Every structure is written in C-alpha cells, then in structure tokens.
$ cat data15.txt   # compact mmCIF, N, CA and C atoms
# COMPACT_ATOMS: atom_id res chain seq x y z
N MET V 684 95.25 106.77 113.34
CA MET V 684 96.49 106.71 114.07
C MET V 684 96.50 105.40 114.86
N VAL V 685 97.60 104.71 114.76
CA VAL V 685 97.74 103.42 115.45
C VAL V 685 98.79 103.58 116.55
N PRO V 686 98.42 103.34 117.81
CA PRO V 686 99.39 103.47 118.90
C PRO V 686 100.44 102.36 118.85
N GLU V 687 101.68 102.73 119.16
CA GLU V 687 102.76 101.76 119.27
C GLU V 687 103.24 101.74 120.71
N LEU V 688 103.17 100.58 121.32
CA LEU V 688 103.54 100.42 122.72
C LEU V 688 104.89 99.72 122.82
N THR V 689 105.79 100.28 123.62
CA THR V 689 107.06 99.64 123.90
C THR V 689 106.86 98.73 125.10
N VAL V 690 107.26 97.47 124.97
CA VAL V 690 107.05 96.50 126.04
C VAL V 690 108.39 95.93 126.50
N MET V 691 108.45 95.55 127.76
CA MET V 691 109.67 94.99 128.32
C MET V 691 109.78 93.49 128.05
N ASN V 692 108.65 92.79 127.95
CA ASN V 692 108.65 91.36 127.69
C ASN V 692 107.74 91.11 126.49
N PHE V 693 108.34 91.01 125.32
CA PHE V 693 107.56 90.91 124.09
C PHE V 693 106.71 89.64 124.05
N GLU V 694 107.29 88.50 124.37
CA GLU V 694 106.55 87.24 124.29
C GLU V 694 105.34 87.25 125.22
N GLN V 695 105.51 87.72 126.44
CA GLN V 695 104.41 87.79 127.40
C GLN V 695 103.34 88.78 126.92
N SER V 696 103.75 89.90 126.39
CA SER V 696 102.80 90.91 125.90
C SER V 696 102.04 90.39 124.69
N LEU V 697 102.73 89.72 123.77
CA LEU V 697 102.07 89.17 122.59
C LEU V 697 101.03 88.13 123.00
N ARG V 698 101.37 87.26 123.95
CA ARG V 698 100.40 86.27 124.45
C ARG V 698 99.19 86.96 125.07
N PHE V 699 99.41 88.01 125.86
CA PHE V 699 98.31 88.73 126.50
C PHE V 699 97.36 89.30 125.45
N TYR V 700 97.90 90.00 124.47
CA TYR V 700 97.04 90.64 123.47
C TYR V 700 96.34 89.63 122.56
N THR V 701 96.99 88.52 122.26
CA THR V 701 96.38 87.54 121.35
C THR V 701 95.51 86.53 122.09
N GLU V 702 96.02 85.95 123.16
CA GLU V 702 95.28 84.88 123.84
C GLU V 702 94.22 85.39 124.81
N ILE V 703 94.46 86.50 125.47
CA ILE V 703 93.51 87.03 126.46
C ILE V 703 92.54 88.02 125.80
N LEU V 704 93.08 88.98 125.06
CA LEU V 704 92.23 90.03 124.48
C LEU V 704 91.71 89.69 123.09
N GLY V 705 92.25 88.68 122.45
CA GLY V 705 91.71 88.22 121.17
C GLY V 705 92.21 88.94 119.93
N PHE V 706 93.32 89.68 120.02
CA PHE V 706 93.89 90.32 118.84
C PHE V 706 94.51 89.26 117.93
N LYS V 707 94.55 89.55 116.64
CA LYS V 707 95.21 88.71 115.64
C LYS V 707 96.47 89.42 115.16
N VAL V 708 97.50 88.65 114.86
CA VAL V 708 98.75 89.22 114.34
C VAL V 708 98.57 89.51 112.86
N ARG V 709 98.71 90.77 112.50
CA ARG V 709 98.62 91.19 111.10
C ARG V 709 99.99 91.17 110.44
N ASN V 710 101.03 91.51 111.21
CA ASN V 710 102.40 91.54 110.71
C ASN V 710 103.32 91.37 111.91
N GLN V 711 104.44 90.66 111.72
CA GLN V 711 105.38 90.45 112.82
C GLN V 711 106.79 90.37 112.27
N ARG V 712 107.76 90.87 113.04
CA ARG V 712 109.16 90.75 112.66
C ARG V 712 110.01 90.62 113.93
N SER V 713 111.26 90.26 113.73
CA SER V 713 112.17 90.14 114.87
C SER V 713 113.34 91.10 114.69
N ALA V 714 114.10 91.27 115.75
CA ALA V 714 115.33 92.08 115.81
C ALA V 714 115.11 93.54 115.47
N PRO V 715 114.47 94.34 116.27
CA PRO V 715 113.81 93.95 117.52
C PRO V 715 112.42 93.36 117.26
N ASN V 716 111.94 92.62 118.23
CA ASN V 716 110.60 92.03 118.11
C ASN V 716 109.55 93.11 117.97
N PHE V 717 108.66 92.91 117.02
CA PHE V 717 107.60 93.87 116.71
C PHE V 717 106.40 93.10 116.20
N ALA V 718 105.20 93.57 116.55
CA ALA V 718 103.97 92.97 116.00
C ALA V 718 102.92 94.06 115.80
N TYR V 719 102.24 93.96 114.66
CA TYR V 719 101.10 94.82 114.35
C TYR V 719 99.88 93.94 114.58
N LEU V 720 99.03 94.34 115.51
CA LEU V 720 97.90 93.53 115.92
C LEU V 720 96.58 94.21 115.58
N GLU V 721 95.55 93.40 115.33
CA GLU V 721 94.24 93.99 115.07
C GLU V 721 93.13 93.11 115.63
N GLN V 722 92.07 93.76 115.99
CA GLN V 722 90.85 93.10 116.44
C GLN V 722 89.69 93.95 115.92
N GLU V 723 88.99 93.41 114.94
CA GLU V 723 87.92 94.13 114.24
C GLU V 723 88.48 95.45 113.71
N GLN V 724 88.02 96.59 114.18
CA GLN V 724 88.48 97.89 113.68
C GLN V 724 89.56 98.52 114.54
N VAL V 725 90.12 97.77 115.49
CA VAL V 725 91.12 98.31 116.41
C VAL V 725 92.48 97.72 116.07
N GLN V 726 93.49 98.59 115.94
CA GLN V 726 94.86 98.16 115.68
C GLN V 726 95.79 98.76 116.73
N ILE V 727 96.79 97.97 117.11
CA ILE V 727 97.88 98.46 117.96
C ILE V 727 99.17 97.81 117.48
N MET V 728 100.28 98.41 117.85
CA MET V 728 101.59 97.85 117.57
C MET V 728 102.32 97.69 118.88
N ILE V 729 103.06 96.60 119.01
CA ILE V 729 103.92 96.43 120.19
C ILE V 729 105.34 96.17 119.71
N GLU V 730 106.29 96.71 120.45
CA GLU V 730 107.70 96.54 120.10
C GLU V 730 108.50 96.31 121.37
N GLN V 731 109.44 95.37 121.30
CA GLN V 731 110.34 95.09 122.42
C GLN V 731 111.20 96.32 122.70
N PHE V 732 111.34 96.70 123.96
CA PHE V 732 112.23 97.81 124.33
C PHE V 732 113.65 97.48 123.87
N HIS V 733 114.31 98.48 123.30
CA HIS V 733 115.73 98.36 122.95
C HIS V 733 116.34 99.75 123.02
N GLU V 734 117.62 99.79 123.28
CA GLU V 734 118.32 101.05 123.53
C GLU V 734 118.27 102.03 122.36
N THR V 735 118.19 101.56 121.15
CA THR V 735 118.20 102.46 120.00
C THR V 735 116.78 102.81 119.54
N GLY V 736 115.78 102.37 120.29
CA GLY V 736 114.40 102.68 119.94
C GLY V 736 114.00 104.09 120.33
N TRP V 737 112.80 104.45 119.97
CA TRP V 737 112.26 105.77 120.32
C TRP V 737 111.66 105.67 121.71
N ASN V 738 112.49 105.91 122.73
CA ASN V 738 112.09 105.75 124.12
C ASN V 738 111.91 107.12 124.75
N VAL V 739 110.75 107.34 125.35
CA VAL V 739 110.45 108.63 125.98
C VAL V 739 110.13 108.41 127.45
N GLY V 740 110.11 109.48 128.20
CA GLY V 740 109.66 109.41 129.58
C GLY V 740 110.75 109.15 130.53
$ encode --input "data15.txt" --output "structure tokens"
Amino acid sequence: MVPELTVMNFEQSLRFYTEILGFKVRNQRSAPNFAYLEQEQVQIMIEQFHETGWNVG
C-alpha cells in the first residue's frame, strides 16, 4: 500500500521530499499536480489539494 498525501503547496512539498529527504520522482503529472516518489523500498504519492479531489477530515 502506498500512501497518498494531499498537499497545499505542491512545489514546496516536492522540493522537500526530493532535495531534503532524497526521494526520486518515479512518475509526475500536472492538472492537478501529482508525483509518485520513491526512495529505496519506500514509495509515497503527493497531490496538490483541489476541490474535486478525495478530501477527508
């Protein structure tokens, strides 16, 4: 299972995960911004918050 995180600032979040934590971009798309990231055996997905997304809480 790969967690998908909704982020408010996609560019800042992508920089954090890639430049600070060392994740590599495996797949990326825009509209809405989305990235599938991996580091060794760990994968996460990040997606820009948008009104039509799956938003909980």
$ select_by_dssp --input "data15.txt" --residues "range 696-740 of chain V" --states "strand (DSSP E or B)" --output "PyMOL selection string"
chain V and resi 707-712+717-722+725-731
$ residues_around --input "data15.txt" --residues "Phe706 in chain V" --least-positions-apart "4" --cutoff "6.5 Å" --atoms "all atoms listed in the file" --output "NGL selection string"
:V and (700-702 or 720-722)
$ write_last_selection --input "data15.txt" --atoms "N, CA and C atoms" --output "CSV table (one decimal), in the coordinates of the input"
chain,number,residue,atom,x,y,z
V,700,TYR,N,97.9,90.0,124.5
V,700,TYR,CA,97.0,90.6,123.5
V,700,TYR,C,96.3,89.6,122.6
V,701,THR,N,97.0,88.5,122.3
V,701,THR,CA,96.4,87.5,121.4
V,701,THR,C,95.5,86.5,122.1
V,702,GLU,N,96.0,86.0,123.2
V,702,GLU,CA,95.3,84.9,123.8
V,702,GLU,C,94.2,85.4,124.8
V,720,LEU,N,99.0,94.3,115.5
V,720,LEU,CA,97.9,93.5,115.9
V,720,LEU,C,96.6,94.2,115.6
V,721,GLU,N,95.6,93.4,115.3
V,721,GLU,CA,94.2,94.0,115.1
V,721,GLU,C,93.1,93.1,115.6
V,722,GLN,N,92.1,93.8,116.0
V,722,GLN,CA,90.8,93.1,116.4
V,722,GLN,C,89.7,94.0,115.9
$ axis_aligned_box --input "data15.txt" --around "range 689-706 of chain V" --padding-each-side "4 Å" --output "lines of an AutoDock Vina configuration file"
center_x = 100.7
center_y = 92.6
center_z = 123.1
size_x = 26.1
size_y = 23.4
size_z = 18.4
$ atom_distance --input "data15.txt" --atom1 "CA of Asn716 in chain V" --atom2 "CA of Ser696 in chain V"
11.1 Å
$ atom_distance --input "data15.txt" --atom1 "CA of Thr689 in chain V" --atom2 "CA of Val708 in chain V"
16.4 Å
$ select_by_dssp --input "data15.txt" --residues "chain V" --states "alpha helix (DSSP H)" --output "MDAnalysis selection string"
chainID V and resid 693:698
$ atom_distance --input "data15.txt" --atom1 "atom C of His733 in chain V" --atom2 "atom C of Lys707 in chain V"
23.7 Å
$ residues_around --input "data15.txt" --residues "Met728 in chain V" --least-positions-apart "6" --cutoff "6 Å" --atoms "only C-alpha atoms" --output "list in words"
Glu687, Ala718, Tyr719 and Leu720 of chain V
$ decode --input "data15.txt" --residues "chain V" --atoms "C-alpha atoms" --output "PDB file, in the first residue's frame"
ATOM      1  CA  MET V 684       0.000   0.000   0.000  1.00  0.00           C
ATOM      2  CA  VAL V 685       1.368   3.378  -0.999  1.00  0.00           C
ATOM      3  CA  PRO V 686       0.167   6.421   0.978  1.00  0.00           C
ATOM      4  CA  GLU V 687      -1.088   9.418  -0.990  1.00  0.00           C
ATOM      5  CA  LEU V 688      -0.698  12.776   0.726  1.00  0.00           C
ATOM      6  CA  THR V 689      -2.702  15.845  -0.248  1.00  0.00           C
ATOM      7  CA  VAL V 690      -0.506  18.940  -0.048  1.00  0.00           C
ATOM      8  CA  MET V 691      -1.350  22.632  -0.115  1.00  0.00           C
ATOM      9  CA  ASN V 692       1.891  23.709  -1.842  1.00  0.00           C
ATOM     10  CA  PHE V 693       2.958  21.091  -4.369  1.00  0.00           C
ATOM     11  CA  GLU V 694       6.222  22.715  -5.470  1.00  0.00           C
ATOM     12  CA  GLN V 695       7.426  23.229  -1.892  1.00  0.00           C
ATOM     13  CA  SER V 696       6.420  19.681  -0.912  1.00  0.00           C
ATOM     14  CA  LEU V 697       8.124  18.159  -3.953  1.00  0.00           C
ATOM     15  CA  ARG V 698      11.343  20.056  -3.140  1.00  0.00           C
ATOM     16  CA  PHE V 699      11.184  18.860   0.485  1.00  0.00           C
ATOM     17  CA  TYR V 700      10.758  15.197  -0.423  1.00  0.00           C
ATOM     18  CA  THR V 701      13.353  15.218  -3.211  1.00  0.00           C
ATOM     19  CA  GLU V 702      16.008  17.693  -2.047  1.00  0.00           C
ATOM     20  CA  ILE V 703      15.836  17.204   1.742  1.00  0.00           C
ATOM     21  CA  LEU V 704      14.674  13.593   2.153  1.00  0.00           C
ATOM     22  CA  GLY V 705      16.264  12.221  -1.020  1.00  0.00           C
ATOM     23  CA  PHE V 706      13.224  10.748  -2.792  1.00  0.00           C
ATOM     24  CA  LYS V 707      13.347  10.329  -6.581  1.00  0.00           C
ATOM     25  CA  VAL V 708      10.426  11.120  -8.877  1.00  0.00           C
ATOM     26  CA  ARG V 709       9.130   7.891 -10.414  1.00  0.00           C
ATOM     27  CA  ASN V 710       6.150   9.485 -12.186  1.00  0.00           C
ATOM     28  CA  GLN V 711       4.758  13.027 -12.349  1.00  0.00           C
ATOM     29  CA  ARG V 712       1.810  14.791 -13.968  1.00  0.00           C
ATOM     30  CA  SER V 713       0.067  18.151 -13.842  1.00  0.00           C
ATOM     31  CA  ALA V 714      -3.542  19.360 -13.585  1.00  0.00           C
ATOM     32  CA  PRO V 715      -3.724  18.588 -10.733  1.00  0.00           C
ATOM     33  CA  ASN V 716      -0.070  18.310  -9.785  1.00  0.00           C
ATOM     34  CA  PHE V 717       0.823  14.788  -8.717  1.00  0.00           C
ATOM     35  CA  ALA V 718       4.064  12.887  -8.108  1.00  0.00           C
ATOM     36  CA  TYR V 719       4.856   9.268  -7.292  1.00  0.00           C
ATOM     37  CA  LEU V 720       8.083   9.264  -5.287  1.00  0.00           C
ATOM     38  CA  GLU V 721      10.406   6.508  -4.152  1.00  0.00           C
ATOM     39  CA  GLN V 722      13.487   6.044  -2.036  1.00  0.00           C
ATOM     40  CA  GLU V 723      14.876   2.505  -1.998  1.00  0.00           C
ATOM     41  CA  GLN V 724      11.880   0.355  -0.933  1.00  0.00           C
ATOM     42  CA  VAL V 725       9.700   3.278   0.235  1.00  0.00           C
ATOM     43  CA  GLN V 726       7.091   4.906  -2.013  1.00  0.00           C
ATOM     44  CA  ILE V 727       4.715   7.806  -1.415  1.00  0.00           C
ATOM     45  CA  MET V 728       2.444   9.886  -3.610  1.00  0.00           C
ATOM     46  CA  ILE V 729       1.760  13.587  -3.245  1.00  0.00           C
ATOM     47  CA  GLU V 730      -1.062  15.503  -4.902  1.00  0.00           C
ATOM     48  CA  GLN V 731      -1.951  19.193  -4.914  1.00  0.00           C
ATOM     49  CA  PHE V 732      -5.175  19.911  -2.998  1.00  0.00           C
ATOM     50  CA  HIS V 733      -8.100  20.607  -5.324  1.00  0.00           C
ATOM     51  CA  GLU V 734     -11.833  20.871  -4.749  1.00  0.00           C
ATOM     52  CA  THR V 735     -12.744  17.784  -6.768  1.00  0.00           C
ATOM     53  CA  GLY V 736     -10.143  15.582  -5.070  1.00  0.00           C
ATOM     54  CA  TRP V 737     -10.723  12.953  -2.423  1.00  0.00           C
ATOM     55  CA  ASN V 738     -10.554  15.290   0.583  1.00  0.00           C
ATOM     56  CA  VAL V 739     -11.330  13.980   4.068  1.00  0.00           C
ATOM     57  CA  GLY V 740     -11.269  15.399   7.558  1.00  0.00           C
TER      58      GLY V 740
END
